[in-house]
Every structure is written in C-alpha cells, then in structure tokens.
file model_26.pdb (PDB, C-alpha atoms and all ligand atoms)
ATOM      1  CA  MET A   1       0.000   0.000   0.000
ATOM      2  CA  VAL A   2       1.148   3.548  -0.680
ATOM      3  CA  LYS A   3       0.992   5.369   2.607
ATOM      4  CA  LYS A   4       0.049   9.051   2.849
ATOM      5  CA  ASN A   5       2.560  11.476   4.322
ATOM      6  CA  ALA A   6       0.976  12.893   7.463
ATOM      7  CA  CYS A   7       1.729  15.785   9.781
ATOM      8  CA  ILE A   8       0.567  15.830  13.406
ATOM      9  CA  PHE A   9      -0.118  19.130  15.167
ATOM     10  CA  ILE A  10       0.310  19.141  18.972
ATOM     11  CA  SER A  11       0.403  21.605  21.869
ATOM     12  CA  GLY A  12       1.011  19.399  24.910
ATOM     13  CA  LYS A  13       1.994  15.932  26.067
ATOM     14  CA  GLY A  14       1.577  14.244  22.710
ATOM     15  CA  THR A  15       0.288  10.891  23.966
ATOM     16  CA  ASN A  16      -1.915  10.658  20.873
ATOM     17  CA  LEU A  17       1.105  11.523  18.735
ATOM     18  CA  SER A  18       3.087   8.741  20.383
ATOM     19  CA  ASN A  19       0.231   6.303  19.800
ATOM     20  CA  LEU A  20      -0.062   7.269  16.118
ATOM     21  CA  ILE A  21       3.699   6.911  15.647
ATOM     22  CA  LYS A  22       3.467   3.355  17.049
ATOM     23  CA  LYS A  23       0.503   2.511  14.817
ATOM     24  CA  SER A  24       2.248   3.918  11.750
ATOM     25  CA  ARG A  25       4.903   1.209  12.051
ATOM     26  CA  ASP A  26       2.234  -1.273  11.021
ATOM     27  CA  TYR A  27       2.527  -2.080   7.320
ATOM     28  CA  ASN A  28      -1.257  -1.742   6.900
ATOM     29  CA  PHE A  29      -1.658   1.603   8.664
ATOM     30  CA  PRO A  30      -2.496   4.176   5.947
ATOM     31  CA  ILE A  31      -0.128   6.970   7.044
ATOM     32  CA  ASN A  32       3.518   7.657   7.757
ATOM     33  CA  ILE A  33       4.236  10.554  10.080
ATOM     34  CA  ARG A  34       6.698  12.830   8.320
ATOM     35  CA  LEU A  35       6.371  16.051  10.308
ATOM     36  CA  VAL A  36       5.229  17.356  13.699
ATOM     37  CA  VAL A  37       4.069  20.951  14.187
ATOM     38  CA  THR A  38       3.697  22.606  17.572
ATOM     39  CA  ASN A  39       2.796  26.109  18.713
ATOM     40  CA  ASN A  40       4.380  25.418  22.125
ATOM     41  CA  LYS A  41       8.155  25.218  22.451
ATOM     42  CA  GLU A  42       7.662  23.558  25.877
ATOM     43  CA  ALA A  43       5.331  20.838  24.523
ATOM     44  CA  LYS A  44       6.349  17.539  26.114
ATOM     45  CA  GLY A  45       5.186  15.764  22.965
ATOM     46  CA  ILE A  46       8.222  17.079  21.029
ATOM     47  CA  ILE A  47      10.176  14.265  22.686
ATOM     48  CA  HIS A  48       8.263  11.703  20.606
ATOM     49  CA  ALA A  49       9.276  13.438  17.378
ATOM     50  CA  LYS A  50      12.897  13.583  18.544
ATOM     51  CA  LYS A  51      13.005   9.945  19.694
ATOM     52  CA  ASN A  52      11.600   8.770  16.385
ATOM     53  CA  SER A  53      13.721  11.104  14.209
ATOM     54  CA  ILE A  54      10.639  12.837  12.857
ATOM     55  CA  PRO A  55      11.277  16.456  11.809
ATOM     56  CA  TYR A  56       9.360  18.999  13.874
ATOM     57  CA  ILE A  57       8.817  22.726  13.783
ATOM     58  CA  VAL A  58       7.900  25.120  16.575
ATOM     59  CA  ILE A  59       5.768  27.943  15.297
ATOM     60  CA  ASN A  60       5.079  31.305  16.872
ATOM     61  CA  THR A  61       1.406  32.002  16.300
ATOM     62  CA  ASN A  62       1.983  35.668  17.178
ATOM     63  CA  SER A  63       4.101  36.079  14.071
ATOM     64  CA  ARG A  64       2.297  37.353  10.970
ATOM     65  CA  TYR A  65       3.961  34.737   8.859
ATOM     66  CA  PHE A  66       3.450  31.578  10.897
ATOM     67  CA  GLU A  67       0.974  30.055   8.448
ATOM     68  CA  ASN A  68       3.464  30.571   5.608
ATOM     69  CA  GLN A  69       6.062  28.760   7.707
ATOM     70  CA  ILE A  70       3.707  25.810   8.220
ATOM     71  CA  ILE A  71       2.634  25.640   4.556
ATOM     72  CA  THR A  72       6.273  25.780   3.390
ATOM     73  CA  ASN A  73       7.171  22.868   5.658
ATOM     74  CA  LEU A  74       4.084  20.870   4.637
ATOM     75  CA  ASN A  75       5.177  21.277   1.020
ATOM     76  CA  ILE A  76       8.805  20.343   1.749
ATOM     77  CA  HIS A  77       7.632  17.083   3.351
ATOM     78  CA  ASN A  78       4.945  16.445   0.741
ATOM     79  CA  ILE A  79       2.231  16.264   3.402
ATOM     80  CA  SER A  80      -1.256  15.332   2.235
ATOM     81  CA  PHE A  81      -2.997  14.684   5.552
ATOM     82  CA  ILE A  82      -3.047  16.523   8.902
ATOM     83  CA  CYS A  83      -4.137  15.231  12.328
ATOM     84  CA  LEU A  84      -4.757  17.711  15.122
ATOM     85  CA  ALA A  85      -3.851  15.805  18.290
ATOM     86  CA  GLY A  86      -4.316  18.166  21.200
ATOM     87  CA  TYR A  87      -3.490  21.246  19.099
ATOM     88  CA  MET A  88      -5.024  24.058  21.112
ATOM     89  CA  LYS A  89      -5.215  26.683  18.360
ATOM     90  CA  ILE A  90      -7.953  27.325  15.850
ATOM     91  CA  ILE A  91      -7.175  26.493  12.224
ATOM     92  CA  SER A  92      -7.918  29.644  10.224
ATOM     93  CA  LYS A  93     -10.111  29.876   7.125
ATOM     94  CA  ASN A  94      -7.070  31.085   5.239
ATOM     95  CA  PHE A  95      -5.092  27.996   6.232
ATOM     96  CA  LEU A  96      -7.965  25.725   5.139
ATOM     97  CA  LYS A  97      -8.000  27.501   1.767
ATOM     98  CA  ARG A  98      -4.272  27.009   1.316
ATOM     99  CA  PHE A  99      -4.067  23.391   2.504
ATOM    100  CA  ARG A 100      -6.810  21.844   0.448
ATOM    101  CA  LYS A 101      -6.313  18.312   1.692
ATOM    102  CA  THR A 102      -7.809  16.469   4.651
ATOM    103  CA  ILE A 103      -7.455  17.712   8.235
ATOM    104  CA  ILE A 104      -8.950  15.765  11.144
ATOM    105  CA  ASN A 105      -9.176  16.540  14.867
ATOM    106  CA  ILE A 106      -9.741  14.558  18.052
ATOM    107  CA  HIS A 107     -11.941  16.127  20.714
ATOM    108  CA  PRO A 108     -12.515  14.870  24.287
ATOM    109  CA  SER A 109     -16.325  14.830  24.279
ATOM    110  CA  LEU A 110     -19.211  13.306  22.389
ATOM    111  CA  LEU A 111     -19.661  16.034  19.779
ATOM    112  CA  PRO A 112     -21.814  18.010  19.130
ATOM    113  CA  LYS A 113     -21.879  18.219  22.931
ATOM    114  CA  PHE A 114     -19.188  20.251  24.711
ATOM    115  CA  LYS A 115     -17.317  21.916  21.873
ATOM    116  CA  GLY A 116     -14.374  24.100  22.865
ATOM    117  CA  LEU A 117     -12.303  24.145  26.044
ATOM    118  CA  ASN A 118     -12.693  22.847  29.636
ATOM    119  CA  THR A 119     -14.763  19.917  28.470
ATOM    120  CA  PHE A 120     -14.397  17.692  31.564
ATOM    121  CA  SER A 121     -15.515  20.292  34.115
ATOM    122  CA  ARG A 122     -18.514  21.176  31.961
ATOM    123  CA  ILE A 123     -19.431  17.501  31.507
ATOM    124  CA  LEU A 124     -19.409  16.963  35.300
ATOM    125  CA  LYS A 125     -21.307  20.177  35.971
ATOM    126  CA  ASN A 126     -23.960  19.130  33.500
ATOM    127  CA  LYS A 127     -24.358  15.715  35.215
ATOM    128  CA  GLU A 128     -23.898  13.817  31.968
ATOM    129  CA  VAL A 129     -24.502  10.066  32.059
ATOM    130  CA  LYS A 130     -22.056   9.256  29.266
ATOM    131  CA  THR A 131     -19.031  10.850  27.694
ATOM    132  CA  GLY A 132     -16.209   9.911  25.347
ATOM    133  CA  CYS A 133     -14.254  11.207  22.379
ATOM    134  CA  THR A 134     -14.930  12.178  18.791
ATOM    135  CA  VAL A 135     -12.772  12.258  15.678
ATOM    136  CA  HIS A 136     -14.054  14.650  13.031
ATOM    137  CA  TYR A 137     -13.063  16.481   9.856
ATOM    138  CA  VAL A 138     -11.913  20.055  10.409
ATOM    139  CA  ASN A 139     -13.856  22.845   8.740
ATOM    140  CA  GLU A 140     -14.039  26.586   9.350
ATOM    141  CA  LYS A 141     -16.248  26.160  12.448
ATOM    142  CA  LEU A 142     -14.799  25.009  15.790
ATOM    143  CA  ASP A 143     -15.389  21.274  16.474
ATOM    144  CA  GLU A 144     -18.153  21.113  13.869
ATOM    145  CA  GLY A 145     -16.906  19.111  10.881
ATOM    146  CA  ASN A 146     -18.423  15.760   9.891
ATOM    147  CA  ILE A 147     -17.897  13.031  12.440
ATOM    148  CA  ILE A 148     -15.720  10.047  11.508
ATOM    149  CA  ASN A 149     -15.609   8.058  14.745
ATOM    150  CA  LYS A 150     -16.905   8.262  18.318
ATOM    151  CA  LYS A 151     -16.337   6.145  21.427
ATOM    152  CA  SER A 152     -18.151   6.456  24.728
ATOM    153  CA  PHE A 153     -18.296   5.213  28.306
ATOM    154  CA  PHE A 154     -20.650   5.623  31.281
ATOM    155  CA  ILE A 155     -19.650   8.159  33.919
ATOM    156  CA  THR A 156     -19.562   6.859  37.518
ATOM    157  CA  LYS A 157     -20.014   8.762  40.785
ATOM    158  CA  GLN A 158     -16.289   8.394  41.476
ATOM    159  CA  ASP A 159     -15.265  10.137  38.251
ATOM    160  CA  ASP A 160     -13.610  13.501  38.748
ATOM    161  CA  GLU A 161     -11.974  15.565  35.974
ATOM    162  CA  ALA A 162      -8.712  13.608  36.139
ATOM    163  CA  LYS A 163     -10.493  10.261  35.890
ATOM    164  CA  LEU A 164     -12.667  11.436  33.011
ATOM    165  CA  LYS A 165      -9.570  12.609  31.171
ATOM    166  CA  TYR A 166      -7.794   9.292  31.785
ATOM    167  CA  LYS A 167     -10.771   7.229  30.585
ATOM    168  CA  THR A 168     -11.390   9.490  27.590
ATOM    169  CA  GLN A 169      -7.773   9.364  26.465
ATOM    170  CA  LYS A 170      -7.707   5.572  26.737
ATOM    171  CA  LEU A 171     -10.549   5.555  24.201
ATOM    172  CA  GLU A 172      -8.793   8.148  22.026
ATOM    173  CA  TYR A 173      -5.916   5.730  21.453
ATOM    174  CA  PHE A 174      -8.401   3.426  19.681
ATOM    175  CA  ALA A 175     -10.667   6.045  18.127
ATOM    176  CA  PHE A 176      -7.962   8.059  16.303
ATOM    177  CA  PRO A 177      -6.273   5.146  14.481
ATOM    178  CA  GLU A 178      -9.674   3.615  13.670
ATOM    179  CA  ALA A 179     -10.792   6.897  12.110
ATOM    180  CA  ILE A 180      -7.661   6.977   9.955
ATOM    181  CA  TYR A 181      -8.276   3.414   8.773
ATOM    182  CA  LYS A 182     -11.872   4.377   7.969
ATOM    183  CA  ILE A 183     -10.867   7.420   5.902
ATOM    184  CA  PHE A 184      -8.444   5.527   3.703
ATOM    185  CA  LYS A 185     -10.070   2.111   3.523
ATOM    186  CA  ASP A 186     -11.533   2.724   0.064
ATOM    187  CA  ASN A 187      -8.537   4.602  -1.339
TER     188      ASN A 187
HETATM  189  C1  LIG A 201      -6.518  14.967  23.933
HETATM  190  O1  LIG A 201      -7.263  14.389  24.964
HETATM  191  C2  LIG A 201      -7.444  15.662  22.952
HETATM  192  O2  LIG A 201      -8.721  15.097  22.892
HETATM  193  C3  LIG A 201      -7.518  17.044  23.504
HETATM  194  O3  LIG A 201      -6.224  17.312  23.979
HETATM  195  C4  LIG A 201      -5.667  16.102  24.473
HETATM  196  C5  LIG A 201      -4.228  16.010  24.019
HETATM  197  O4  LIG A 201      -3.555  15.000  24.698
HETATM  198  N1  LIG A 201      -7.899  17.978  22.482
HETATM  199  C6  LIG A 201      -8.649  19.042  22.707
HETATM  200  O5  LIG A 201      -9.049  19.351  23.809
HETATM  201  C7  LIG A 201      -8.937  19.865  21.490
HETATM  202  N2  LIG A 201     -10.009  20.765  21.723
HETATM  203  P1  LIG A 201      -2.145  14.489  24.192
HETATM  204  O6  LIG A 201      -1.281  15.731  23.947
HETATM  205  O7  LIG A 201      -1.625  13.654  25.312
HETATM  206  O8  LIG A 201      -2.366  13.688  22.927
END
call {"tool": "encode", "arguments": {"input": "model_26.pdb", "output": "structure tokens"}}
result
Amino acid sequence: MVKKNACIFISGKGTNLSNLIKKSRDYNFPINIRLVVTNNKEAKGIIHAKKNSIPYIVINTNSRYFENQIITNLNIHNISFICLAGYMKIISKNFLKRFRKTIINIHPSLLPKFKGLNTFSRILKNKEVKTGCTVHYVNEKLDEGNIINKKSFFITKQDDEAKLKYKTQKLEYFAFPEAIYKIFKDN
C-alpha cells in the first residue's frame, strides 16, 4: 500500500502523537508521520518526534507569517494529511484555503456536545450520564466538521476531571487510528 505522508499538530503531552507513531509502524496503517508541528516550544510531545527522528517545527502564532512557515514545511515534506492531536489553536479559514487536503481533529467529548475548552468540568457540571471522544473532519467552524468516529463510556459517581480525562484518552488511542483506517479504507 502507498501510505500518505501525514503531519501531526500538537500543543502538549503528545500521547496521541506517540500512539499514532506506534501505529504507523504497522505495514497496513495508511499513514507515515513525516512532520510534527507545535505552537508550544515547551510541549512535552516534542520528545516523541525527537526519539523517532521525525522532523518537527515550533511555530510562533503571534508572528504574521506563521501560516506561511507551516505551509512551506508541509510542502517540503509532501504532506497530504493533517491530524490535530491536542493542538489548542484554531485552524484559520485562510489555512484551510491554502491546505486543500484532509485535516482531522480529536476532541474529548461526544460532539456536538461540549465543543471548545474545559470539556471535563462542563461535563461533570452538567451531570452527563455518558461521555467519550470524537474524531471529526476540520472545517471553518470550531469542532463542527463531519464526524468520523466516536467512542463512549458511562460516567460513575467516582469520576472527577482527572479520571474522566484518563478514561477518555484511553478511548482516544483506539478512536484516532480507527478513524484513519476508515478514511483511507476505500482509497
Ligand atoms: C486529547 O485528549 C485531545 O482530545 C484534547 O487534547 C488532548 C491532548 O492529549 N484535544 C482538545 O481538547 C482539542 N479541543 P495528548 O497531547 O496527550 O495527545
């Protein structure tokens, strides 16, 4: 199979990045990770790029030219697919116009519920019965693109924010790779 060249955008720990790197070693997994982009020079996830000799760039989103810097690097590495894995910045309309290929995102709630930030505290406050994660296509609206994959679990009385995050992320490590398989299964 001809694998797509993918770029993963991160802002934090990069546990999803690490999981996708592991999956990409599988012959049948549809992507190879060729580039990592982060807006946070302190992002712990950079270590996974370093350890696996994957090129990475740190961008300064306050600079006027940061999108040019990203697009240039996407072109250099012939990237045709982007995964947002805990990237805590909004992808601009202009960027979507310039990168006309697929971008997907993972979000720690059952979309369309709880778009945006601070999902776990809002889920608890709202006394939800179930929660989970969603993988979706990225469009110009925040957390609103078509849904590719969702996984859920029942919330217990013992669940606080930390436990919800732990349980949600455990599901993310299945949901993200599954979504990628789904996207490319007919290609
Ligand atoms: C993930 O749980 C992801 O769902 C969330 O950030 C975490 C990143 O963890 N994304 C968002 O909240 C996006 N709105 P990681 O850096 O360990 O992969």
call {"tool": "residues_around", "arguments": {"input": "model_26.pdb", "residues": "Asn5 (chain A)", "least_positions_apart": "6", "cutoff": "9 Å", "atoms": "only C-alpha atoms", "output": "PyMOL selection string"}}
result
chain A and resi 31-35+77-82
call {"tool": "closest_atom_pairs", "arguments": {"input": "model_26.pdb", "of": "chain A", "to": "ligand LIG 201 (chain A)", "cutoff": "10 Å", "atoms": "all atoms listed in the file", "output": "CSV"}}
result
residue,atom,partner,partner_atom,distance
A:Phe9,CA,A:LIG201,O6,9.5
A:Ile10,CA,A:LIG201,O6,6.2
A:Ser11,CA,A:LIG201,O6,6.5
A:Gly12,CA,A:LIG201,O6,4.4
A:Lys13,CA,A:LIG201,O6,3.9
A:Gly14,CA,A:LIG201,O6,3.5
A:Thr15,CA,A:LIG201,O7,3.6
A:Asn16,CA,A:LIG201,O8,3.7
A:Leu17,CA,A:LIG201,O8,5.9
A:Ser18,CA,A:LIG201,O8,7.8
A:Asn19,CA,A:LIG201,O8,8.4
A:Leu20,CA,A:LIG201,O8,9.6
A:Ala43,CA,A:LIG201,O6,8.4
A:Lys44,CA,A:LIG201,O6,8.1
A:Gly45,CA,A:LIG201,O6,6.5
A:Leu84,CA,A:LIG201,C7,7.9
A:Ala85,CA,A:LIG201,O8,5.3
A:Gly86,CA,A:LIG201,O3,3.5
A:Tyr87,CA,A:LIG201,C7,6.1
A:Met88,CA,A:LIG201,C7,5.7
A:Lys89,CA,A:LIG201,N2,8.3
A:Ile90,CA,A:LIG201,N2,9.0
A:Asn105,CA,A:LIG201,C7,7.4
A:Ile106,CA,A:LIG201,O2,5.0
A:His107,CA,A:LIG201,O2,4.0
A:Pro108,CA,A:LIG201,O2,4.0
A:Ser109,CA,A:LIG201,O2,7.7
A:Phe114,CA,A:LIG201,N2,9.7
A:Lys115,CA,A:LIG201,N2,7.4
A:Gly116,CA,A:LIG201,N2,5.6
A:Leu117,CA,A:LIG201,N2,5.9
A:Asn118,CA,A:LIG201,O5,7.7
A:Thr119,CA,A:LIG201,O5,7.4
A:Phe120,CA,A:LIG201,O5,9.6
A:Gly132,CA,A:LIG201,O2,9.4
A:Cys133,CA,A:LIG201,O2,6.8
A:Thr134,CA,A:LIG201,O2,8.0
A:Val135,CA,A:LIG201,O2,8.7
A:Leu142,CA,A:LIG201,N2,8.7
A:Asp143,CA,A:LIG201,N2,7.5
A:Lys165,CA,A:LIG201,O1,6.9
A:Tyr166,CA,A:LIG201,O1,8.5
A:Lys167,CA,A:LIG201,O1,9.8
A:Thr168,CA,A:LIG201,O1,6.9
A:Gln169,CA,A:LIG201,O1,5.3
A:Lys170,CA,A:LIG201,O1,9.0
A:Leu171,CA,A:LIG201,O1,9.5
A:Glu172,CA,A:LIG201,O2,7.0
A:Tyr173,CA,A:LIG201,O8,8.8
A:Phe176,CA,A:LIG201,O2,9.7
call {"tool": "atom_distance", "arguments": {"input": "model_26.pdb", "atom1": "CA of Ile180 (chain A)", "atom2": "CA of Ala162 (chain A)"}}
result
27.0 Å
call {"tool": "residues_around", "arguments": {"input": "model_26.pdb", "residues": "Pro30 (chain A)", "least_positions_apart": "2", "cutoff": "12 Å", "atoms": "all atoms listed in the file", "output": "list in words"}}
result
Met1, Val2, Lys3, Lys4, Asn5, Ala6, Leu20, Ile21, Lys23, Ser24, Arg25, Asp26, Tyr27, Asn28, Asn32, Ile33, Ser80, Phe81, Pro177, Glu178, Ala179, Ile180, Tyr181, Lys182, Ile183, Phe184, Lys185, Asp186 and Asn187 of chain A
call {"tool": "resolve_selection", "arguments": {"input": "model_26.pdb", "expression": "the PyMOL selection byres (((chain A and resi 141) around 12) and not hetatm)", "output": "PyMOL selection string"}}
result
chain A and resi 90-93+96+112+115-116+136-140+142-146
call {"tool": "atom_distance", "arguments": {"input": "model_26.pdb", "atom1": "CA of Asn62 (chain A)", "atom2": "CA of Val36 (chain A)"}}
result
18.9 Å
call {"tool": "closest_residue", "arguments": {"input": "model_26.pdb", "among": "A:Ser63, A:Asn73, A:Thr102, A:Ser121", "to": "Val37 (chain A)", "atoms": "all atoms listed in the file"}}
result
A:Asn73
call {"tool": "residues_around", "arguments": {"input": "model_26.pdb", "residues": "Val129 (chain A)", "least_positions_apart": "3", "cutoff": "10 Å", "atoms": "only C-alpha atoms", "output": "PyMOL selection string"}}
result
chain A and resi 123-124+126+153-157
call {"tool": "write_last_selection", "arguments": {"input": "model_26.pdb", "atoms": "C-alpha atoms", "output": "PDB file, in the frame of the given file"}}
result
ATOM      1  CA  ILE A 123     -19.431  17.501  31.507  1.00  0.00           C
ATOM      2  CA  LEU A 124     -19.409  16.963  35.300  1.00  0.00           C
ATOM      3  CA  ASN A 126     -23.960  19.130  33.500  1.00  0.00           C
ATOM      4  CA  PHE A 153     -18.296   5.213  28.306  1.00  0.00           C
ATOM      5  CA  PHE A 154     -20.650   5.623  31.281  1.00  0.00           C
ATOM      6  CA  ILE A 155     -19.650   8.159  33.919  1.00  0.00           C
ATOM      7  CA  THR A 156     -19.562   6.859  37.518  1.00  0.00           C
ATOM      8  CA  LYS A 157     -20.014   8.762  40.785  1.00  0.00           C
TER       9      LYS A 157
END
call {"tool": "atom_distance", "arguments": {"input": "model_26.pdb", "atom1": "CA of Ile148 (chain A)", "atom2": "CA of Cys83 (chain A)"}}
result
12.7 Å
call {"tool": "closest_residue", "arguments": {"input": "model_26.pdb", "among": "A:Lys150, A:Lys163, A:Lys125, A:Arg98", "to": "Asn68 (chain A)", "atoms": "all atoms listed in the file"}}
result
A:Arg98
call {"tool": "closest_residue", "arguments": {"input": "model_26.pdb", "among": "A:Ile76, A:Leu164, A:Ala49, A:Leu110", "to": "Ile147 (chain A)", "atoms": "all atoms listed in the file"}}
result
A:Leu110
call {"tool": "residues_around", "arguments": {"input": "model_26.pdb", "residues": "Lys41 (chain A)", "least_positions_apart": "5", "cutoff": "9 Å", "atoms": "only C-alpha atoms", "output": "tab-separated table (two decimals) with C-alpha atoms, in the coordinates of the input"}}
result
chain	number	residue	atom	x	y	z
A	11	SER	CA	0.40	21.60	21.87
A	46	ILE	CA	8.22	17.08	21.03
A	58	VAL	CA	7.90	25.12	16.58
A	59	ILE	CA	5.77	27.94	15.30
A	60	ASN	CA	5.08	31.30	16.87
call {"tool": "axis_aligned_box", "arguments": {"input": "model_26.pdb", "around": "region 119-124 of chain A", "padding_each_side": "8 Å", "output": "JSON"}}
result
{"center_x": -16.9, "center_y": 19.1, "center_z": 31.9, "size_x": 21.0, "size_y": 20.2, "size_z": 22.8}
